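**Q** Enclosed is the structure file final_16.pdb (PDB, C-alpha atoms).
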ATOM      1  CA  MET D 161      -0.557  10.453  16.861
ATOM      2  CA  ILE D 162      -2.674  10.203  13.717
ATOM      3  CA  PRO D 163      -4.371   6.922  12.677
ATOM      4  CA  LEU D 164      -2.031   4.124  11.638
ATOM      5  CA  SER D 165      -2.680   1.455   9.030
ATOM      6  CA  ILE D 166      -0.728  -1.477   7.589
ATOM      7  CA  LEU D 167       0.419  -2.092   4.013
ATOM      8  CA  ASP D 168       1.390  -5.761   3.801
ATOM      9  CA  LEU D 169       3.247  -6.841   0.683
ATOM     10  CA  ALA D 170       2.802 -10.484   1.755
ATOM     11  CA  PRO D 171       6.582 -10.971   1.675
ATOM     12  CA  VAL D 172       7.952 -14.418   0.883
ATOM     13  CA  PRO D 173      11.092 -14.746   3.019
ATOM     14  CA  GLU D 174      14.117 -16.703   1.868
ATOM     15  CA  GLY D 175      13.727 -20.268   3.104
ATOM     16  CA  SER D 176       9.924 -20.048   3.045
ATOM     17  CA  ASP D 177       7.134 -20.330   0.487
ATOM     18  CA  VAL D 178       3.898 -18.661  -0.628
ATOM     19  CA  SER D 179       1.672 -20.765   1.634
ATOM     20  CA  GLN D 180       3.601 -19.732   4.727
ATOM     21  CA  SER D 181       3.746 -16.141   3.508
ATOM     22  CA  LEU D 182      -0.031 -15.934   3.237
ATOM     23  CA  ALA D 183      -0.424 -17.573   6.647
ATOM     24  CA  ASN D 184       1.894 -14.866   8.004
ATOM     25  CA  THR D 185      -0.297 -12.217   6.380
ATOM     26  CA  LEU D 186      -3.424 -13.521   8.111
ATOM     27  CA  ASP D 187      -1.593 -13.629  11.435
ATOM     28  CA  LEU D 188      -0.316 -10.060  11.003
ATOM     29  CA  ALA D 189      -3.819  -8.846  10.145
ATOM     30  CA  ARG D 190      -5.248 -10.353  13.319
ATOM     31  CA  HIS D 191      -2.553  -8.660  15.379
ATOM     32  CA  ALA D 192      -3.105  -5.349  13.579
ATOM     33  CA  GLU D 193      -6.812  -5.503  14.394
ATOM     34  CA  ARG D 194      -6.107  -6.276  18.060
ATOM     35  CA  LEU D 195      -3.619  -3.387  18.245
ATOM     36  CA  GLY D 196      -6.037  -0.790  16.893
ATOM     37  CA  TYR D 197      -4.725  -0.249  13.360
ATOM     38  CA  ARG D 198      -7.354   1.289  11.093
ATOM     39  CA  ARG D 199      -6.735  -0.508   7.781
ATOM     40  CA  PHE D 200      -4.899  -3.515   6.398
ATOM     41  CA  TRP D 201      -4.081  -3.159   2.710
ATOM     42  CA  LEU D 202      -2.435  -5.429   0.155
ATOM     43  CA  ALA D 203      -0.842  -4.523  -3.159
ATOM     44  CA  GLU D 204      -0.936  -5.956  -6.663
ATOM     45  CA  HIS D 205       2.487  -7.062  -7.920
ATOM     46  CA  HIS D 206       3.221  -9.612 -10.629
ATOM     47  CA  ASN D 207       6.231 -11.778 -11.503
ATOM     48  CA  MET D 208       7.779 -10.967  -8.113
ATOM     49  CA  PRO D 209       9.045 -14.087  -6.284
ATOM     50  CA  GLY D 210       9.213 -12.168  -3.006
ATOM     51  CA  ILE D 211       5.579 -10.956  -3.002
ATOM     52  CA  ALA D 212       2.567 -13.269  -2.649
ATOM     53  CA  SER D 213      -0.324 -10.835  -3.248
ATOM     54  CA  ALA D 214      -0.615 -10.954  -7.057
ATOM     55  CA  ALA D 215      -4.246 -12.131  -6.795
ATOM     56  CA  THR D 216      -4.973  -9.127  -4.616
ATOM     57  CA  SER D 217      -8.750  -9.374  -4.283
ATOM     58  CA  VAL D 218      -8.465 -13.059  -3.320
ATOM     59  CA  VAL D 219      -6.013 -12.277  -0.505
ATOM     60  CA  ILE D 220      -8.170  -9.344   0.631
ATOM     61  CA  GLY D 221     -11.115 -11.720   0.919
ATOM     62  CA  ALA D 222      -9.072 -14.126   3.034
ATOM     63  CA  VAL D 223      -7.866 -11.332   5.334
ATOM     64  CA  ALA D 224     -11.371  -9.905   5.734
ATOM     65  CA  ALA D 225     -12.696 -13.362   6.593
ATOM     66  CA  ALA D 226      -9.945 -13.837   9.194
ATOM     67  CA  THR D 227     -10.727 -10.528  10.937
ATOM     68  CA  GLU D 228     -13.839  -8.797  12.221
ATOM     69  CA  THR D 229     -13.529  -5.007  12.405
ATOM     70  CA  ILE D 230     -10.401  -3.700  10.680
ATOM     71  CA  ARG D 231     -10.886  -2.195   7.214
ATOM     72  CA  VAL D 232      -9.278  -4.310   4.478
ATOM     73  CA  GLY D 233      -8.392  -3.168   1.000
ATOM     74  CA  ALA D 234      -6.071  -2.733  -1.938
ATOM     75  CA  GLY D 235      -3.070  -0.470  -1.894
ATOM     76  CA  GLY D 236      -3.553  -0.920  -4.665
ATOM     77  CA  VAL D 237      -5.166  -2.506  -7.658
ATOM     78  CA  MET D 238      -3.269  -1.549 -10.818
ATOM     79  CA  LEU D 239      -6.258  -0.541 -12.901
ATOM     80  CA  PRO D 240      -4.576  -0.630 -16.360
ATOM     81  CA  ASN D 241      -4.306  -4.406 -15.883
ATOM     82  CA  HIS D 242      -8.078  -4.859 -15.564
ATOM     83  CA  ALA D 243     -11.431  -3.949 -17.041
ATOM     84  CA  PRO D 244     -13.128  -1.559 -14.590
ATOM     85  CA  LEU D 245     -16.283  -3.695 -14.633
ATOM     86  CA  VAL D 246     -14.313  -6.723 -13.389
ATOM     87  CA  ILE D 247     -12.868  -4.736 -10.479
ATOM     88  CA  ALA D 248     -16.330  -3.380  -9.639
ATOM     89  CA  GLU D 249     -17.665  -6.943  -9.488
ATOM     90  CA  GLN D 250     -14.726  -8.191  -7.404
ATOM     91  CA  PHE D 251     -14.835  -5.381  -4.840
ATOM     92  CA  GLY D 252     -18.617  -5.263  -4.887
ATOM     93  CA  THR D 253     -18.539  -8.933  -3.932
ATOM     94  CA  LEU D 254     -15.993  -8.280  -1.183
ATOM     95  CA  ASN D 255     -18.112  -5.452   0.208
ATOM     96  CA  ALA D 256     -21.253  -7.591   0.073
ATOM     97  CA  LEU D 257     -19.438 -10.266   2.071
ATOM     98  CA  HIS D 258     -17.887  -7.764   4.505
ATOM     99  CA  PRO D 259     -20.156  -4.686   4.489
ATOM    100  CA  GLY D 260     -18.495  -1.373   5.222
ATOM    101  CA  ARG D 261     -14.999  -2.814   5.643
ATOM    102  CA  ILE D 262     -13.558  -2.769   2.106
ATOM    103  CA  ASP D 263     -11.312  -0.059   0.587
ATOM    104  CA  LEU D 264     -10.162   0.194  -3.030
ATOM    105  CA  GLY D 265      -6.928   2.008  -3.790
ATOM    106  CA  LEU D 266      -6.157   2.456  -7.499
ATOM    107  CA  GLY D 267      -2.796   2.837  -9.216
ATOM    108  CA  ARG D 268      -1.856   3.335 -12.854
ATOM    109  CA  ALA D 269       1.452   1.434 -12.933
ATOM    110  CA  PRO D 270       1.377  -2.174 -14.177
ATOM    111  CA  GLY D 271       2.865  -3.546 -10.955
ATOM    112  CA  SER D 272       5.271  -5.530 -13.096
ATOM    113  CA  ASP D 273       7.653  -5.345 -16.033
ATOM    114  CA  GLN D 274       6.345  -4.760 -19.552
ATOM    115  CA  ALA D 275       6.621  -8.394 -20.628
ATOM    116  CA  THR D 276       4.517  -9.441 -17.643
ATOM    117  CA  ALA D 277       2.041  -6.649 -18.349
ATOM    118  CA  ARG D 278       1.533  -8.075 -21.846
ATOM    119  CA  ALA D 279       0.991 -11.525 -20.338
ATOM    120  CA  LEU D 280      -1.854 -10.065 -18.283
ATOM    121  CA  ARG D 281      -3.820  -9.993 -21.568
ATOM    122  CA  ARG D 282      -4.344  -6.258 -21.933
ATOM    123  CA  THR D 283      -2.767  -4.185 -24.642
ATOM    124  CA  LEU D 284      -0.208  -1.682 -23.332
ATOM    125  CA  GLN D 285      -1.205   0.974 -25.897
ATOM    126  CA  GLY D 286      -3.090   3.745 -24.179
ATOM    127  CA  ASP D 287      -3.892   1.849 -20.988
ATOM    128  CA  VAL D 288      -1.967   4.161 -18.668
ATOM    129  CA  ASP D 289      -3.197   7.262 -20.505
ATOM    130  CA  ALA D 290      -6.767   6.034 -20.044
ATOM    131  CA  PHE D 291      -6.382   5.793 -16.260
ATOM    132  CA  PRO D 292      -8.582   8.824 -15.400
ATOM    133  CA  GLN D 293     -11.358   7.536 -17.670
ATOM    134  CA  ASP D 294     -11.032   4.037 -16.186
ATOM    135  CA  VAL D 295     -11.301   5.452 -12.652
ATOM    136  CA  MET D 296     -14.445   7.399 -13.539
ATOM    137  CA  GLU D 297     -15.931   4.347 -15.257
ATOM    138  CA  LEU D 298     -15.266   2.268 -12.156
ATOM    139  CA  MET D 299     -16.898   4.899  -9.943
ATOM    140  CA  GLN D 300     -19.938   4.778 -12.194
ATOM    141  CA  TRP D 301     -20.225   0.982 -11.881
ATOM    142  CA  PHE D 302     -20.477   1.440  -8.112
ATOM    143  CA  ALA D 303     -23.189   4.106  -8.405
ATOM    144  CA  PRO D 304     -26.893   3.176  -8.217
ATOM    145  CA  ALA D 305     -28.104   1.923 -11.595
ATOM    146  CA  THR D 306     -30.411   4.022 -13.736
ATOM    147  CA  PRO D 307     -33.705   2.558 -15.066
ATOM    148  CA  ASP D 308     -32.392   2.299 -18.642
ATOM    149  CA  GLN D 309     -28.919   0.957 -17.748
ATOM    150  CA  ARG D 310     -28.226  -2.151 -19.849
ATOM    151  CA  ILE D 311     -25.089  -3.378 -18.042
ATOM    152  CA  ILE D 312     -25.012  -3.511 -14.251
ATOM    153  CA  ALA D 313     -22.151  -4.572 -11.989
ATOM    154  CA  ASN D 314     -23.812  -7.160  -9.810
ATOM    155  CA  PRO D 315     -22.391  -7.321  -7.182
ATOM    156  CA  GLY D 316     -20.996  -3.809  -7.315
ATOM    157  CA  GLU D 317     -23.867  -1.488  -8.128
ATOM    158  CA  GLY D 318     -24.785   0.635  -5.126
ATOM    159  CA  GLN D 319     -22.075  -0.906  -2.932
ATOM    160  CA  ASN D 320     -20.424   2.456  -2.143
ATOM    161  CA  VAL D 321     -16.863   1.070  -1.895
ATOM    162  CA  PRO D 322     -14.497   3.944  -0.957
ATOM    163  CA  ILE D 323     -11.994   4.678  -3.735
ATOM    164  CA  TRP D 324      -8.511   6.080  -3.155
ATOM    165  CA  ILE D 325      -6.045   7.328  -5.744
ATOM    166  CA  LEU D 326      -2.505   6.060  -5.267
ATOM    167  CA  GLY D 327       0.583   7.698  -6.664
ATOM    168  CA  SER D 328       4.321   8.271  -6.505
ATOM    169  CA  SER D 329       4.325  11.494  -8.547
ATOM    170  CA  THR D 330       2.249  14.627  -9.016
ATOM    171  CA  TYR D 331      -0.005  12.892 -11.571
ATOM    172  CA  GLY D 332      -2.030  11.014  -8.968
ATOM    173  CA  ALA D 333      -2.202  14.128  -6.780
ATOM    174  CA  GLN D 334      -3.804  16.097  -9.598
ATOM    175  CA  LEU D 335      -6.311  13.351 -10.380
ATOM    176  CA  ALA D 336      -7.290  12.785  -6.742
ATOM    177  CA  ALA D 337      -7.768  16.531  -6.249
ATOM    178  CA  HIS D 338      -9.841  16.848  -9.426
ATOM    179  CA  LEU D 339     -12.147  13.965  -8.483
ATOM    180  CA  GLY D 340     -12.359  14.906  -4.808
ATOM    181  CA  LEU D 341     -10.963  11.566  -3.615
ATOM    182  CA  PRO D 342      -8.562  10.623  -0.797
ATOM    183  CA  TYR D 343      -4.916  10.349  -1.845
ATOM    184  CA  ALA D 344      -2.262   7.824  -0.810
ATOM    185  CA  PHE D 345       1.349   8.619  -1.724
ATOM    186  CA  ALA D 346       4.025   5.913  -2.033
ATOM    187  CA  SER D 347       6.605   7.712   0.087
ATOM    188  CA  HIS D 348       7.782   4.374   1.495
ATOM    189  CA  PHE D 349       9.720   3.681  -1.720
ATOM    190  CA  ALA D 350       9.502   6.818  -3.929
ATOM    191  CA  PRO D 351       9.596   9.917  -1.704
ATOM    192  CA  GLY D 352      11.222  12.282  -4.215
ATOM    193  CA  GLU D 353       8.090  14.224  -5.196
ATOM    194  CA  MET D 354       6.186  13.745  -1.961
ATOM    195  CA  MET D 355       6.060  17.345  -0.713
ATOM    196  CA  ARG D 356       5.302  18.774  -4.151
ATOM    197  CA  ALA D 357       2.527  16.228  -4.706
ATOM    198  CA  LEU D 358       0.997  17.030  -1.315
ATOM    199  CA  ASP D 359       1.008  20.749  -2.079
ATOM    200  CA  ILE D 360      -0.697  20.186  -5.438
ATOM    201  CA  TYR D 361      -3.317  17.883  -3.949
ATOM    202  CA  ARG D 362      -4.187  20.214  -1.097
ATOM    203  CA  GLU D 363      -4.142  23.421  -3.145
ATOM    204  CA  THR D 364      -6.254  22.117  -6.051
ATOM    205  CA  PHE D 365      -8.641  19.790  -4.165
ATOM    206  CA  ARG D 366     -12.271  20.083  -5.192
ATOM    207  CA  PRO D 367     -14.874  18.908  -2.646
ATOM    208  CA  SER D 368     -17.055  16.081  -3.908
ATOM    209  CA  ALA D 369     -19.844  13.768  -2.834
ATOM    210  CA  TYR D 370     -17.094  11.447  -1.593
ATOM    211  CA  LEU D 371     -14.941  13.850   0.429
ATOM    212  CA  ASP D 372     -15.369  17.431   1.609
ATOM    213  CA  LYS D 373     -11.701  18.249   2.259
ATOM    214  CA  PRO D 374      -8.287  16.770   1.361
ATOM    215  CA  TYR D 375      -7.252  13.551   3.085
ATOM    216  CA  VAL D 376      -3.691  12.273   2.708
ATOM    217  CA  MET D 377      -2.278   8.904   3.699
ATOM    218  CA  LEU D 378       1.476   8.434   3.356
ATOM    219  CA  GLY D 379       3.431   5.208   2.981
ATOM    220  CA  TYR D 380       6.021   4.851   5.732
ATOM    221  CA  ASN D 381       8.587   2.166   6.555
ATOM    222  CA  VAL D 382       8.776   1.144  10.203
ATOM    223  CA  PHE D 383      11.338  -1.285  11.583
ATOM    224  CA  ALA D 384      10.927  -1.312  15.348
ATOM    225  CA  ALA D 385      12.722  -3.599  17.777
ATOM    226  CA  ASP D 386      13.736  -3.610  21.417
ATOM    227  CA  THR D 387      16.999  -1.804  20.585
ATOM    228  CA  ASP D 388      18.182   0.515  17.826
ATOM    229  CA  GLU D 389      20.868  -2.015  16.870
ATOM    230  CA  ALA D 390      18.365  -4.858  16.494
ATOM    231  CA  ALA D 391      16.091  -2.670  14.348
ATOM    232  CA  ARG D 392      18.950  -1.666  12.057
ATOM    233  CA  LEU D 393      19.714  -5.351  11.519
ATOM    234  CA  LEU D 394      16.084  -6.029  10.552
ATOM    235  CA  PHE D 395      16.263  -3.103   8.115
ATOM    236  CA  THR D 396      19.019  -4.819   6.110
ATOM    237  CA  SER D 397      16.455  -7.192   4.580
ATOM    238  CA  VAL D 398      14.636  -4.433   2.695
ATOM    239  CA  GLN D 399      17.967  -2.783   1.856
ATOM    240  CA  GLN D 400      19.099  -5.989   0.189
ATOM    241  CA  ALA D 401      15.741  -6.363  -1.569
ATOM    242  CA  PHE D 402      16.021  -2.890  -3.096
ATOM    243  CA  VAL D 403      19.564  -3.453  -4.323
ATOM    244  CA  ASN D 404      18.569  -6.832  -5.792
ATOM    245  CA  LEU D 405      15.531  -5.343  -7.542
ATOM    246  CA  ARG D 406      17.405  -2.346  -8.967
ATOM    247  CA  THR D 407      20.179  -4.600 -10.288
ATOM    248  CA  GLY D 408      17.764  -6.974 -12.028
ATOM    249  CA  ARG D 409      17.901  -9.756  -9.437
ATOM    250  CA  PRO D 410      14.496  -9.767  -7.735
ATOM    251  CA  GLY D 411      13.962 -12.635  -5.341
ATOM    252  CA  LYS D 412      12.544 -13.644  -2.013
ATOM    253  CA  LEU D 413      12.988 -11.312   0.969
ATOM    254  CA  PRO D 414      16.579 -11.824   2.181
ATOM    255  CA  ALA D 415      17.517 -12.678   5.740
ATOM    256  CA  PRO D 416      19.208  -9.859   7.694
ATOM    257  CA  VAL D 417      22.968  -9.465   7.256
ATOM    258  CA  GLU D 418      25.239  -7.799   9.813
ATOM    259  CA  GLY D 419      27.092  -4.812   8.350
ATOM    260  CA  TYR D 420      25.360  -5.044   4.954
ATOM    261  CA  TYR D 421      24.872  -1.302   4.440
ATOM    262  CA  GLU D 422      28.419  -0.451   5.484
ATOM    263  CA  ARG D 423      29.866  -2.769   2.828
ATOM    264  CA  LEU D 424      27.926  -1.210  -0.065
ATOM    265  CA  ASP D 425      29.551   1.182  -2.501
ATOM    266  CA  GLY D 426      28.566   4.851  -2.577
ATOM    267  CA  ALA D 427      26.123   4.507  -5.481
ATOM    268  CA  ALA D 428      24.186   1.690  -3.816
ATOM    269  CA  ARG D 429      24.057   3.552  -0.516
ATOM    270  CA  GLY D 430      22.783   6.653  -2.278
ATOM    271  CA  MET D 431      20.038   4.658  -3.993
ATOM    272  CA  ILE D 432      18.911   3.112  -0.700
ATOM    273  CA  ASP D 433      19.055   6.405   1.168
ATOM    274  CA  ALA D 434      16.887   8.082  -1.477
ATOM    275  CA  ALA D 435      14.332   5.281  -1.864
ATOM    276  CA  LEU D 436      13.952   4.570   1.862
ATOM    277  CA  ALA D 437      14.222   8.117   3.186
ATOM    278  CA  CYS D 438      10.763   7.906   4.771
ATOM    279  CA  SER D 439      11.580   5.302   7.388
ATOM    280  CA  ALA D 440      11.638   4.941  11.160
ATOM    281  CA  VAL D 441      14.221   2.398  12.318
ATOM    282  CA  GLY D 442      14.962   1.809  15.976
ATOM    283  CA  SER D 443      13.605   1.217  19.449
ATOM    284  CA  LEU D 444      10.189   2.382  20.609
ATOM    285  CA  GLU D 445      11.472   5.822  21.590
ATOM    286  CA  THR D 446      13.474   6.261  18.382
ATOM    287  CA  VAL D 447      10.523   5.229  16.238
ATOM    288  CA  ARG D 448       8.169   7.517  18.147
ATOM    289  CA  ALA D 449      10.425  10.558  17.679
ATOM    290  CA  THR D 450      11.143   9.847  14.006
ATOM    291  CA  THR D 451       7.489   9.204  13.191
ATOM    292  CA  GLU D 452       6.241  12.304  15.002
ATOM    293  CA  ALA D 453       8.775  14.419  13.097
ATOM    294  CA  PHE D 454       7.591  12.941   9.785
ATOM    295  CA  ILE D 455       3.954  13.686  10.619
ATOM    296  CA  ALA D 456       4.831  17.252  11.625
ATOM    297  CA  LYS D 457       6.749  17.783   8.370
ATOM    298  CA  THR D 458       4.076  16.414   6.044
ATOM    299  CA  GLY D 459       0.800  17.103   7.838
ATOM    300  CA  ALA D 460      -0.302  13.561   6.968
ATOM    301  CA  ASP D 461      -3.820  12.586   8.015
ATOM    302  CA  GLU D 462      -2.900   8.891   8.276
ATOM    303  CA  LEU D 463       0.179   6.682   7.892
ATOM    304  CA  MET D 464       0.205   3.432   5.920
ATOM    305  CA  VAL D 465       3.016   1.508   7.572
ATOM    306  CA  THR D 466       4.972  -1.209   5.827
ATOM    307  CA  SER D 467       7.596  -3.451   7.402
ATOM    308  CA  GLN D 468       9.468  -5.815   5.099
ATOM    309  CA  ILE D 469      10.882  -7.929   7.908
ATOM    310  CA  TRP D 470      12.258 -11.400   7.203
ATOM    311  CA  ASP D 471      11.208 -12.968  10.517
ATOM    312  CA  PRO D 472       7.383 -12.906  10.871
ATOM    313  CA  THR D 473       7.648 -12.895  14.674
ATOM    314  CA  ALA D 474       9.875  -9.801  14.546
ATOM    315  CA  ARG D 475       7.405  -8.199  12.137
ATOM    316  CA  VAL D 476       4.547  -8.645  14.613
ATOM    317  CA  ARG D 477       6.783  -7.252  17.356
ATOM    318  CA  SER D 478       7.517  -4.212  15.181
ATOM    319  CA  ILE D 479       3.844  -3.281  14.772
ATOM    320  CA  GLU D 480       3.307  -3.882  18.495
ATOM    321  CA  LEU D 481       6.057  -1.412  19.379
ATOM    322  CA  LEU D 482       4.717   1.151  16.927
ATOM    323  CA  ALA D 483       1.240   0.814  18.410
ATOM    324  CA  GLN D 484       2.723   1.400  21.856
ATOM    325  CA  ALA D 485       4.629   4.422  20.559
ATOM    326  CA  ALA D 486       1.373   5.822  19.164
ATOM    327  CA  GLY D 487      -0.469   5.204  22.415
ATOM    328  CA  GLN D 488      -3.000   2.867  20.813
ATOM    329  CA  ALA D 489      -1.869  -0.298  22.579
TER     330      ALA D 489
END
Any chance you could put this one into C-alpha cells?
**A**
Amino acid sequence: MIPLSILDLAPVPEGSDVSQSLANTLDLARHAERLGYRRFWLAEHHNMPGIASAATSVVIGAVAAATETIRVGAGGVMLPNHAPLVIAEQFGTLNALHPGRIDLGLGRAPGSDQATARALRRTLQGDVDAFPQDVMELMQWFAPATPDQRIIANPGEGQNVPIWILGSSTYGAQLAAHLGLPYAFASHFAPGEMMRALDIYRETFRPSAYLDKPYVMLGYNVFAADTDEAARLLFTSVQQAFVNLRTGRPGKLPAPVEGYYERLDGAARGMIDAALACSAVGSLETVRATTEAFIAKTGADELMVTSQIWDPTARVRSIELLAQAAGQA
C-alpha cells in the first residue's frame, strides 16, 4: 500500500473540552509515529466548537515537540486569512525548531463563515482572488535572501519548508500544476470533482525546482474497528456532524447513535452519501479491500487519513487497524 498520513481535526467530543481534545491530539500523534505514518497534519478552522486547531501553527509546534520523526504540518493554513510574511515567520520558526519535519499545506477558503472571516482582521475584497500571488509571495519569503533585499523573513528565509496546494475543486489542481507543487485534494468531504481535478493536475503539471513529477495526496475517511458493525456505529458521529453543520447547527463531535443513518430522510442520506463517499468503514479486512480499491481507482501517491471518532481510544484503535491492513505495523 502507498504511504499513509493522518489529518487530525483535533475534534472536541461532546462531554469533553478543548484541553482534553488537544491532549488527545498529542496522544494520537505519538501513536501515528510509532505505527509508521508519514505525516501528521492539522487544519485551520475558526468559530467551530467541535474543532480545536484554530491556532494551527501553535498546535503543530506542540505536536512536533511531542514526537521525534514523523513529519508535522498544516492541512492547511487558509492563506487569505494571513499576511504571507507572517506565515513564513511562523513556519520558518517551526522548521528551525524541528528541522526537516515541517510541511505547509495552503488553502484559499477562509475556514469559517464570512462574519468570522471579517473578525480575522483581513478585508474579504480580493483576498481569495489574490491566492496565487500570495502563494508565490510566501514561496519567495522562504527563498534565500538577495543582497539588496530590505525585508527578510527571519526565521523563514532559506528554511526550505515544503509547500503543498490544497483544494476541493479544479482551481487548486491548476495552480499546483502551474507552480510544480504537490497537490492534496479534500476528497474526505468534497469528492465531487476529485477525478477531474486529478486529471487536470497530472496532465498540466510543469516540473519545478520543488518537484519533478506530479504527486497527489488524497483525503480519506477511515473508521476501522474489530467488526464491521462496530465501525458503522463509530461512523455515525461524523454523519451527525455533517448533518448538524449543513443545517446550521455546528457543535462538538456527537457520540455514536445506533441506527442514526437509517432514521434520516432521503435528502439527508443523499447529502451524507455524497460528502462521505471516499470512506472505508469496517473491520481490518473490509478497510483493506475498500482502501486498495480507492487507491487503484485514483492512482493516489499518498493517503491523508482522517477519523472523526468520538471515543479517543477507538480512534487510536482505528489507525492501528489501518496500519495493520497496510502492512506497516
**Q** List the residues selected by the PyMOL selection byres ((chain D and resi 323) around 8) in the file shown, writing them as an mmCIF file with C-alpha atoms, keeping the file's coordinate frame.
**A**
data_model
loop_
_atom_site.group_PDB
_atom_site.id
_atom_site.type_symbol
_atom_site.label_atom_id
_atom_site.label_comp_id
_atom_site.auth_asym_id
_atom_site.auth_seq_id
_atom_site.Cartn_x
_atom_site.Cartn_y
_atom_site.Cartn_z
ATOM 1 C CA ASP D 263 -11.312 -0.059 0.587
ATOM 2 C CA LEU D 264 -10.162 0.194 -3.030
ATOM 3 C CA GLY D 265 -6.928 2.008 -3.790
ATOM 4 C CA LEU D 266 -6.157 2.456 -7.499
ATOM 5 C CA MET D 299 -16.898 4.899 -9.943
ATOM 6 C CA VAL D 321 -16.863 1.070 -1.895
ATOM 7 C CA PRO D 322 -14.497 3.944 -0.957
ATOM 8 C CA TRP D 324 -8.511 6.080 -3.155
ATOM 9 C CA ILE D 325 -6.045 7.328 -5.744
ATOM 10 C CA LEU D 341 -10.963 11.566 -3.615
ATOM 11 C CA PRO D 342 -8.562 10.623 -0.797
#
**Q** For His205 (chain D), which residue out of D:Val223, D:Ala415, D:Ala269, D:Val232 is the nearest one, using all atoms listed in the file?
**A** D:Ala269
**Q** Could you make a table, as a tab-separated table, of the residues of region 369-398 of chain D that have an atom within 10 Å of an atom of region 461-464 of chain D, each with its nearest atom pair and distance in Å to one decimal, counting all atoms listed in the file, in chain and number order?
**A**
residue	atom	partner	partner_atom	distance
D:Pro374	CA	D:Asp461	CA	9.0
D:Tyr375	CA	D:Asp461	CA	6.1
D:Val376	CA	D:Asp461	CA	5.3
D:Met377	CA	D:Glu462	CA	4.6
D:Leu378	CA	D:Leu463	CA	5.0
D:Gly379	CA	D:Met464	CA	4.7
D:Tyr380	CA	D:Met464	CA	6.0
D:Asn381	CA	D:Met464	CA	8.5
D:Val382	CA	D:Met464	CA	9.9
**Q** If the PyMOL selection byres ((chain D and resi 253-255) around 12) is run on the structure shown, which residues does it catch, given as JSON, numbers by chain?
**A** {"D": [216, 217, 218, 219, 220, 221, 222, 223, 224, 225, 231, 232, 233, 234, 246, 247, 248, 249, 250, 251, 252, 256, 257, 258, 259, 260, 261, 262, 263, 264, 302, 313, 314, 315, 316, 317, 318, 319, 320, 321, 322]}
**Q** Find the residues near Leu358 (chain D): any atom within 12 Å, counting all atoms listed in the file, skip ones fewer than 6 places away on the same chain, and give them as a CSV table (one decimal) with C-alpha atoms, in the frame of the given file.
**A**
chain,number,residue,atom,x,y,z
D,327,GLY,CA,0.6,7.7,-6.7
D,328,SER,CA,4.3,8.3,-6.5
D,329,SER,CA,4.3,11.5,-8.5
D,330,THR,CA,2.2,14.6,-9.0
D,331,TYR,CA,0.0,12.9,-11.6
D,332,GLY,CA,-2.0,11.0,-9.0
D,333,ALA,CA,-2.2,14.1,-6.8
D,334,GLN,CA,-3.8,16.1,-9.6
D,336,ALA,CA,-7.3,12.8,-6.7
D,337,ALA,CA,-7.8,16.5,-6.2
D,342,PRO,CA,-8.6,10.6,-0.8
D,343,TYR,CA,-4.9,10.3,-1.8
D,344,ALA,CA,-2.3,7.8,-0.8
D,345,PHE,CA,1.3,8.6,-1.7
D,346,ALA,CA,4.0,5.9,-2.0
D,347,SER,CA,6.6,7.7,0.1
D,351,PRO,CA,9.6,9.9,-1.7
D,352,GLY,CA,11.2,12.3,-4.2
D,364,THR,CA,-6.3,22.1,-6.1
D,365,PHE,CA,-8.6,19.8,-4.2
D,374,PRO,CA,-8.3,16.8,1.4
D,375,TYR,CA,-7.3,13.6,3.1
D,376,VAL,CA,-3.7,12.3,2.7
D,377,MET,CA,-2.3,8.9,3.7
D,378,LEU,CA,1.5,8.4,3.4
D,457,LYS,CA,6.7,17.8,8.4
D,458,THR,CA,4.1,16.4,6.0
D,459,GLY,CA,0.8,17.1,7.8
D,460,ALA,CA,-0.3,13.6,7.0
D,461,ASP,CA,-3.8,12.6,8.0
**Q** Can you turn the PyMOL selection byres ((chain D and resi 446) around 12) into a concrete residue list for this file, as a compact mmCIF listing (two decimals) with C-alpha atoms, in the frame of the given file?
**A**
# COMPACT_ATOMS: atom_id res chain seq x y z
CA VAL D 382 8.78 1.14 10.20
CA PHE D 383 11.34 -1.28 11.58
CA ALA D 384 10.93 -1.31 15.35
CA ALA D 385 12.72 -3.60 17.78
CA ASP D 386 13.74 -3.61 21.42
CA THR D 387 17.00 -1.80 20.58
CA ASP D 388 18.18 0.52 17.83
CA GLU D 389 20.87 -2.02 16.87
CA ALA D 391 16.09 -2.67 14.35
CA ARG D 392 18.95 -1.67 12.06
CA SER D 439 11.58 5.30 7.39
CA ALA D 440 11.64 4.94 11.16
CA VAL D 441 14.22 2.40 12.32
CA GLY D 442 14.96 1.81 15.98
CA SER D 443 13.60 1.22 19.45
CA LEU D 444 10.19 2.38 20.61
CA GLU D 445 11.47 5.82 21.59
CA VAL D 447 10.52 5.23 16.24
CA ARG D 448 8.17 7.52 18.15
CA ALA D 449 10.42 10.56 17.68
CA THR D 450 11.14 9.85 14.01
CA THR D 451 7.49 9.20 13.19
CA GLU D 452 6.24 12.30 15.00
CA ALA D 453 8.78 14.42 13.10
CA LEU D 481 6.06 -1.41 19.38
CA LEU D 482 4.72 1.15 16.93
CA ALA D 485 4.63 4.42 20.56
**Q** Please measure the separation of CA of Glu228 (chain D) and CA of Phe200 (chain D), giving the value in Å to one decimal.
**A**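 That distance, rounded to one decimal, is 11.9 Å.
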**Q** Between CA of Ala483 (chain D) and CA of Trp470 (chain D), what distance in Å does the model show, to one decimal?
**A**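 One can read the CA of Ala483 (chain D) to CA of Trp470 (chain D) distance as 19.9 Å.
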**Q** Between D:Trp301, D:Ala474, D:Ala226, D:Arg199, which residue has the minimum interatomic distance to Ala243 (chain D), considering all atoms listed in the file?
**A**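 Of all the options, D:Trp301 lies closest to Ala243 (chain D).
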**Q** Which polymer residues have any atom within 8 Å of an atom of Gly210 (chain D), counting only C-alpha atoms, with same-chain residues fewer than 3 positions away left out, as a PyMOL selection string?
**A** chain D and resi 171-173+410-413
**Q** Can you list, as a VMD selection string, every protein, DNA or RNA residue that comes within 12 Å of region 418-420 of chain D when you count only C-alpha atoms, leaving out same-chain residues fewer than 4 positions away?
**A** chain D and resid 389 to 401 403 414 424 to 425 428 to 429 432
**Q** Nearest to Gly487 (chain D): which of D:Ala189, D:Arg423, D:Leu182, D:Gly196 is it, counting only C-alpha atoms?
**A** D:Gly196
**Q** Could you give me the centre and size, in Å to one decimal, of an axis-aligned box around all listed atoms of region 202-217 of chain D with 6 Å added on every side, as JSON?
**A**
{"center_x": 0.2, "center_y": -9.3, "center_z": -5.7, "size_x": 30.0, "size_y": 21.6, "size_z": 23.7}
